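target19.txt follows; it contains compact mmCIF, N, CA and C atoms.
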# COMPACT_ATOMS: atom_id res chain seq x y z
N MET A 1 -162.94 293.18 59.94
CA MET A 1 -163.46 291.85 59.74
C MET A 1 -162.66 290.86 60.58
N TRP A 2 -163.33 289.98 61.28
CA TRP A 2 -162.69 288.97 62.11
C TRP A 2 -162.54 287.69 61.32
N PHE A 3 -161.53 286.94 61.64
CA PHE A 3 -161.34 285.67 60.97
C PHE A 3 -160.85 284.65 61.98
N ILE A 4 -161.01 283.40 61.64
CA ILE A 4 -160.49 282.31 62.46
C ILE A 4 -159.37 281.67 61.66
N MET A 5 -158.16 281.73 62.20
CA MET A 5 -157.02 281.14 61.52
C MET A 5 -157.10 279.63 61.62
N LYS A 6 -157.00 278.95 60.50
CA LYS A 6 -157.03 277.49 60.48
C LYS A 6 -155.70 276.98 59.95
N ASN A 7 -155.01 276.26 60.79
CA ASN A 7 -153.76 275.65 60.38
C ASN A 7 -154.07 274.19 60.08
N GLU A 8 -154.29 273.90 58.81
CA GLU A 8 -154.75 272.58 58.41
C GLU A 8 -153.79 271.92 57.42
N SER A 9 -153.81 270.60 57.41
CA SER A 9 -153.09 269.84 56.40
C SER A 9 -153.94 269.80 55.13
N PHE A 10 -153.28 269.62 53.97
CA PHE A 10 -154.01 269.54 52.71
C PHE A 10 -153.16 268.83 51.66
N GLU A 11 -153.76 268.49 50.54
CA GLU A 11 -153.02 267.95 49.41
C GLU A 11 -152.82 269.08 48.41
N CYS A 12 -151.57 269.27 47.98
CA CYS A 12 -151.26 270.32 47.01
C CYS A 12 -151.94 270.01 45.69
N GLU A 13 -152.65 270.98 45.14
CA GLU A 13 -153.34 270.78 43.87
C GLU A 13 -152.37 270.76 42.68
N LYS A 14 -151.16 271.26 42.87
CA LYS A 14 -150.17 271.30 41.78
C LYS A 14 -149.31 270.03 41.73
N CYS A 15 -148.62 269.71 42.85
CA CYS A 15 -147.70 268.57 42.85
C CYS A 15 -148.26 267.35 43.57
N HIS A 16 -149.43 267.50 44.18
CA HIS A 16 -150.16 266.42 44.86
C HIS A 16 -149.46 265.89 46.12
N ALA A 17 -148.53 266.65 46.66
CA ALA A 17 -147.86 266.25 47.89
C ALA A 17 -148.79 266.43 49.08
N LYS A 18 -148.62 265.60 50.08
CA LYS A 18 -149.34 265.76 51.35
C LYS A 18 -148.63 266.87 52.11
N VAL A 19 -149.36 267.94 52.41
CA VAL A 19 -148.78 269.10 53.09
C VAL A 19 -149.31 269.13 54.52
N TRP A 20 -148.38 269.08 55.46
CA TRP A 20 -148.75 269.05 56.88
C TRP A 20 -148.97 270.47 57.40
N LYS A 21 -149.56 270.55 58.58
CA LYS A 21 -149.79 271.85 59.23
C LYS A 21 -148.49 272.63 59.33
N HIS A 22 -148.62 273.96 59.36
CA HIS A 22 -147.46 274.84 59.52
C HIS A 22 -146.75 274.47 60.82
N PRO A 23 -145.41 274.41 60.83
CA PRO A 23 -144.67 273.96 62.01
C PRO A 23 -144.68 274.91 63.21
N SER A 24 -145.04 276.15 62.99
CA SER A 24 -145.11 277.09 64.12
C SER A 24 -146.46 277.80 64.08
N TRP A 25 -146.64 278.77 64.93
CA TRP A 25 -147.95 279.42 65.03
C TRP A 25 -148.21 280.26 63.79
N SER A 26 -148.94 279.70 62.88
CA SER A 26 -149.33 280.38 61.66
C SER A 26 -150.29 279.47 60.92
N ALA A 27 -150.73 279.91 59.76
CA ALA A 27 -151.58 279.07 58.91
C ALA A 27 -150.84 278.84 57.60
N ARG A 28 -150.84 277.61 57.18
CA ARG A 28 -150.14 277.25 55.94
C ARG A 28 -150.90 277.85 54.76
N ASN A 29 -150.20 278.55 53.86
CA ASN A 29 -150.88 279.13 52.70
C ASN A 29 -150.25 278.73 51.37
N HIS A 30 -149.27 277.85 51.41
CA HIS A 30 -148.66 277.36 50.16
C HIS A 30 -147.96 276.03 50.44
N CYS A 31 -147.71 275.32 49.36
CA CYS A 31 -147.03 274.03 49.44
C CYS A 31 -145.54 274.27 49.72
N PRO A 32 -144.96 273.60 50.71
CA PRO A 32 -143.53 273.81 50.99
C PRO A 32 -142.60 273.12 49.99
N TYR A 33 -143.15 272.30 49.10
CA TYR A 33 -142.34 271.55 48.14
C TYR A 33 -142.25 272.28 46.80
N CYS A 34 -143.39 272.65 46.22
CA CYS A 34 -143.38 273.33 44.92
C CYS A 34 -143.66 274.83 45.06
N LEU A 35 -144.06 275.26 46.25
CA LEU A 35 -144.34 276.65 46.62
C LEU A 35 -145.60 277.24 45.98
N TYR A 36 -146.41 276.41 45.33
CA TYR A 36 -147.67 276.90 44.76
C TYR A 36 -148.66 277.20 45.87
N SER A 37 -149.56 278.13 45.60
CA SER A 37 -150.60 278.53 46.52
C SER A 37 -151.95 278.45 45.79
N LYS A 38 -153.00 278.90 46.45
CA LYS A 38 -154.33 278.93 45.83
C LYS A 38 -154.91 280.32 46.03
N HIS A 39 -155.55 280.87 45.02
CA HIS A 39 -156.11 282.22 45.08
C HIS A 39 -157.40 282.20 45.89
N LEU A 40 -157.27 282.45 47.20
CA LEU A 40 -158.41 282.44 48.11
C LEU A 40 -158.82 283.84 48.56
N ASP A 41 -157.85 284.75 48.65
CA ASP A 41 -158.11 286.08 49.21
C ASP A 41 -158.31 287.11 48.10
N LYS A 42 -159.20 288.05 48.37
CA LYS A 42 -159.51 289.08 47.37
C LYS A 42 -158.86 290.42 47.70
N ASN A 43 -159.16 290.97 48.88
CA ASN A 43 -158.72 292.32 49.23
C ASN A 43 -157.56 292.36 50.21
N PHE A 44 -157.49 291.39 51.12
CA PHE A 44 -156.43 291.34 52.12
C PHE A 44 -156.27 289.91 52.61
N PRO A 45 -155.13 289.59 53.24
CA PRO A 45 -154.89 288.22 53.69
C PRO A 45 -156.01 287.71 54.60
N TRP A 46 -156.40 286.48 54.33
CA TRP A 46 -157.39 285.74 55.11
C TRP A 46 -158.82 286.23 54.95
N ASP A 47 -159.12 287.11 53.98
CA ASP A 47 -160.53 287.50 53.82
C ASP A 47 -161.34 286.39 53.14
N ARG A 48 -160.65 285.51 52.38
CA ARG A 48 -161.28 284.35 51.74
C ARG A 48 -162.47 284.73 50.86
N LEU A 49 -162.37 285.88 50.18
CA LEU A 49 -163.47 286.38 49.36
C LEU A 49 -163.23 286.23 47.86
N SER A 50 -162.12 285.64 47.47
CA SER A 50 -161.85 285.49 46.04
C SER A 50 -162.82 284.51 45.41
N GLU A 51 -163.31 284.88 44.25
CA GLU A 51 -164.17 283.97 43.49
C GLU A 51 -163.36 283.20 42.46
N CYS A 52 -162.09 283.54 42.32
CA CYS A 52 -161.22 282.94 41.32
C CYS A 52 -160.87 281.48 41.68
N LEU A 53 -160.30 281.29 42.85
CA LEU A 53 -159.94 279.97 43.38
C LEU A 53 -159.01 279.17 42.48
N TRP A 54 -158.13 279.85 41.74
CA TRP A 54 -157.22 279.21 40.80
C TRP A 54 -155.85 279.01 41.46
N SER A 55 -154.97 278.28 40.83
CA SER A 55 -153.61 278.09 41.32
C SER A 55 -152.82 279.38 41.20
N MET A 56 -151.94 279.59 42.18
CA MET A 56 -151.05 280.75 42.18
C MET A 56 -149.62 280.25 42.10
N ALA A 57 -148.94 280.59 41.02
CA ALA A 57 -147.57 280.14 40.79
C ALA A 57 -146.58 281.03 41.55
N PRO A 58 -145.53 280.42 42.10
CA PRO A 58 -144.46 281.22 42.69
C PRO A 58 -143.63 281.82 41.56
N VAL A 59 -143.67 283.12 41.41
CA VAL A 59 -143.02 283.76 40.26
C VAL A 59 -141.81 284.62 40.62
N GLY A 60 -141.56 284.78 41.91
CA GLY A 60 -140.42 285.59 42.31
C GLY A 60 -140.30 285.67 43.81
N LYS A 61 -139.33 286.43 44.25
CA LYS A 61 -139.12 286.63 45.68
C LYS A 61 -138.81 288.09 45.94
N GLU A 62 -139.09 288.52 47.14
CA GLU A 62 -138.86 289.91 47.52
C GLU A 62 -138.51 289.95 48.99
N HIS A 63 -137.59 290.84 49.36
CA HIS A 63 -137.24 290.98 50.77
C HIS A 63 -137.94 292.21 51.34
N LYS A 64 -138.71 292.01 52.38
CA LYS A 64 -139.40 293.10 53.08
C LYS A 64 -138.69 293.34 54.41
N LYS A 65 -138.42 294.58 54.71
CA LYS A 65 -137.65 294.94 55.90
C LYS A 65 -138.23 294.32 57.18
N ASN A 66 -139.53 294.40 57.37
CA ASN A 66 -140.14 293.92 58.61
C ASN A 66 -140.65 292.48 58.55
N LYS A 67 -140.61 291.85 57.37
CA LYS A 67 -141.18 290.51 57.24
C LYS A 67 -140.19 289.50 56.66
N ALA A 68 -139.00 289.90 56.38
CA ALA A 68 -137.98 289.04 55.79
C ALA A 68 -138.32 288.66 54.36
N TRP A 69 -137.99 287.44 53.94
CA TRP A 69 -138.20 287.03 52.55
C TRP A 69 -139.64 286.64 52.31
N MET A 70 -140.15 287.04 51.15
CA MET A 70 -141.53 286.76 50.75
C MET A 70 -141.53 286.09 49.38
N ILE A 71 -142.50 285.21 49.18
CA ILE A 71 -142.72 284.60 47.87
C ILE A 71 -143.75 285.45 47.13
N ILE A 72 -143.47 285.78 45.89
CA ILE A 72 -144.46 286.48 45.06
C ILE A 72 -145.24 285.41 44.32
N HIS A 73 -146.54 285.32 44.63
CA HIS A 73 -147.42 284.39 43.94
C HIS A 73 -148.26 285.16 42.94
N GLN A 74 -148.44 284.58 41.74
CA GLN A 74 -149.30 285.19 40.73
C GLN A 74 -150.33 284.16 40.28
N CYS A 75 -151.59 284.60 40.29
CA CYS A 75 -152.68 283.74 39.88
C CYS A 75 -152.54 283.39 38.40
N GLU A 76 -152.68 282.11 38.10
CA GLU A 76 -152.54 281.66 36.71
C GLU A 76 -153.78 281.96 35.87
N LYS A 77 -154.85 282.42 36.50
CA LYS A 77 -156.07 282.75 35.76
C LYS A 77 -156.25 284.26 35.62
N CYS A 78 -156.31 284.97 36.75
CA CYS A 78 -156.59 286.41 36.70
C CYS A 78 -155.34 287.29 36.83
N HIS A 79 -154.18 286.68 37.12
CA HIS A 79 -152.86 287.34 37.16
C HIS A 79 -152.64 288.24 38.37
N LYS A 80 -153.52 288.19 39.38
CA LYS A 80 -153.31 288.97 40.60
C LYS A 80 -152.05 288.46 41.30
N LYS A 81 -151.27 289.38 41.86
CA LYS A 81 -150.06 289.03 42.60
C LYS A 81 -150.30 289.24 44.09
N ILE A 82 -149.80 288.29 44.88
CA ILE A 82 -149.93 288.33 46.33
C ILE A 82 -148.60 287.90 46.93
N LEU A 83 -148.15 288.58 47.98
CA LEU A 83 -146.94 288.21 48.70
C LEU A 83 -147.29 287.29 49.86
N ASN A 84 -146.45 286.26 50.08
CA ASN A 84 -146.61 285.35 51.21
C ASN A 84 -145.25 285.14 51.87
N LYS A 85 -145.23 285.14 53.19
CA LYS A 85 -143.99 284.87 53.91
C LYS A 85 -143.55 283.44 53.67
N ILE A 86 -142.24 283.24 53.58
CA ILE A 86 -141.75 281.87 53.48
C ILE A 86 -141.93 281.20 54.84
N ALA A 87 -142.06 279.90 54.80
CA ALA A 87 -142.18 279.11 56.03
C ALA A 87 -140.84 278.43 56.30
N GLU A 88 -140.60 278.12 57.55
CA GLU A 88 -139.31 277.55 57.92
C GLU A 88 -139.04 276.18 57.29
N ASP A 89 -140.09 275.50 56.83
CA ASP A 89 -139.88 274.20 56.21
C ASP A 89 -140.06 274.22 54.69
N ASP A 90 -140.11 275.40 54.08
CA ASP A 90 -140.17 275.50 52.62
C ASP A 90 -138.87 274.97 52.01
N ASP A 91 -138.98 274.40 50.82
CA ASP A 91 -137.81 273.92 50.09
C ASP A 91 -137.00 275.15 49.66
N ILE A 92 -135.91 275.38 50.34
CA ILE A 92 -135.11 276.60 50.14
C ILE A 92 -134.48 276.63 48.74
N LEU A 93 -134.16 275.46 48.18
CA LEU A 93 -133.58 275.42 46.84
C LEU A 93 -134.59 275.87 45.79
N VAL A 94 -135.84 275.46 45.94
CA VAL A 94 -136.90 275.91 45.03
C VAL A 94 -137.09 277.42 45.18
N PHE A 95 -137.07 277.91 46.42
CA PHE A 95 -137.24 279.34 46.68
C PHE A 95 -136.13 280.16 46.02
N TRP A 96 -134.87 279.78 46.18
CA TRP A 96 -133.77 280.56 45.63
C TRP A 96 -133.73 280.54 44.11
N LYS A 97 -134.35 279.53 43.50
CA LYS A 97 -134.40 279.47 42.03
C LYS A 97 -135.44 280.41 41.44
N LEU A 98 -136.30 280.99 42.28
CA LEU A 98 -137.35 281.90 41.77
C LEU A 98 -136.72 283.15 41.17

Could you spell out this file's structure in C-alpha cells?
Amino acid sequence: MWFIMKNESFECEKCHAKVWKHPSWSARNHCPYCLYSKHLDKNFPWDRLSECLWSMAPVGKEHKKNKAWMIIHQCEKCHKKILNKIAEDDDILVFWKL
C-alpha cells in the first residue's frame, strides 16, 4: 500500500497546544508537549485505517536497537498499543517520567 506522508501542524486534542510541523524529514504523530497521539492506524504505521480515532496516552518507553527510544502509546478506548519514535523537539522531561 502506498501512502503520502503529510507533515502538518495541528492542535493537540489533549492539551490544546499548537503543534508545529516535525522539525526534520518525517511526519508528526504526537504532541511534543504532552506526548499524546491519536489512534489513526490499524495494521501498520500510516495505513490510516483505524475506526477508533481515540486519544492515545503515552504509557511507557522502550529502547529499540535500530530505532533508538520509542514512546509506547495506548489507546484510551480500545487499549491497542503502538510504538512511536521520539522527535528531537519532544519534551524530554515528560518522556523520562513515563

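Interatomic distance, atom N of Cys78 of chain A against atom C of Ser24 of chain A: 29.9 Å.
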
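You can rank A:Val19, A:Met56, A:Trp46, A:Lys67 by their closest distance to Asp90 of chain A using only C-alpha atoms, and at the top of that list sits A:Val19.
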
Exercise. Taking the point (-138.9, 281.9, 44.6) as given in the file, collect each protein or nucleic acid residue that comes within 6 Å of it, counting only N, CA and C atoms, and present the set as a ChimeraX atom specification.
Key: /A:58-61,71,94-98

Exercise. Select, from A:Leu53, A:Lys81, A:Cys12, A:Arg48, the residue with the minimum atom-to-atom distance to His30 of chain A, counting only N, CA and C atoms.
Key: A:Cys12

Quiz item: Given the choices A:Ala17, A:Cys75, A:Leu49, A:Ile92, which gets closest to Ser37 of chain A if the distance is worked out from all atoms listed in the file?
Solution: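 Of the candidates, the smallest distance to Ser37 of chain A is held by A:Cys75.
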
Practice problem: Between atom CA of Gln74 of chain A and atom N of Lys18 of chain A, measure the distance and give it in Å to one decimal. | Solution: 21.7 Å

Quiz item: Taking into account only C-alpha atoms, which residue in the set A:His63, A:Lys80, A:Lys85, A:Lys21 is nearest to Leu35 of chain A?
Solution: A:Lys85

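Computed from the coordinates, the atom N of Leu40 of chain A to atom C of Phe10 of chain A distance equals 14.9 Å.
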
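Using only N, CA and C atoms for every distance, the candidate list A:Ser26, A:Ser9, A:Asn84, A:Asn43 yields A:Asn84 as the residue closest to Met70 of chain A.
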
Self-check item: Nearest-residue call for Asp89 of chain A, choices A:Cys52, A:Cys15, A:Asn66, A:Cys31, using all atoms listed in the file
Solution: A:Cys31

Practice problem: Going by DSSP on the backbone, which bits of chain A are alpha helix (DSSP H)? Write them as a list in words, please. | Solution: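 After running DSSP on the backbone, chain A has alpha helix (DSSP H) at Ile92, Leu93, Val94, Phe95 and Trp96 of chain A.
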
Show me, as lines of an AutoDock Vina configuration file, the centre and edge lengths in Å to one decimal of the axis-aligned box that covers every listed atom of segment 13-32 of chain A with 6 Å on each side.
center_x = -148.0
center_y = 273.0
center_z = 53.4
size_x = 22.7
size_y = 26.8
size_z = 35.3

Practice problem: DSSP on the backbone, then: every residue of segment 36-68 of chain A marked strand (DSSP E or B), written as a ChimeraX atom specification. | Solution: /A:37-38,55-64,68

Self-check item: Long-range neighbours of Asn7 of chain A as a list in words, 10 Å cut-off, only C-alpha atoms, 4 positions minimum in chain
Solution: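 Listing them by chain and then by number gives Trp20, Lys21, His22, Pro23, Ser24, Trp25, Ser26, Ala27, Arg28 and Asn29 of chain A.
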
Exercise. Find the spatial neighbours of Lys14 of chain A, counting only N, CA and C atoms, within a cut-off of 8 Å - ignore same-chain residues fewer than 4 positions away - and output them as a list in words.
Key: Cys34, Tyr36, Ser37 and Ser55 of chain A
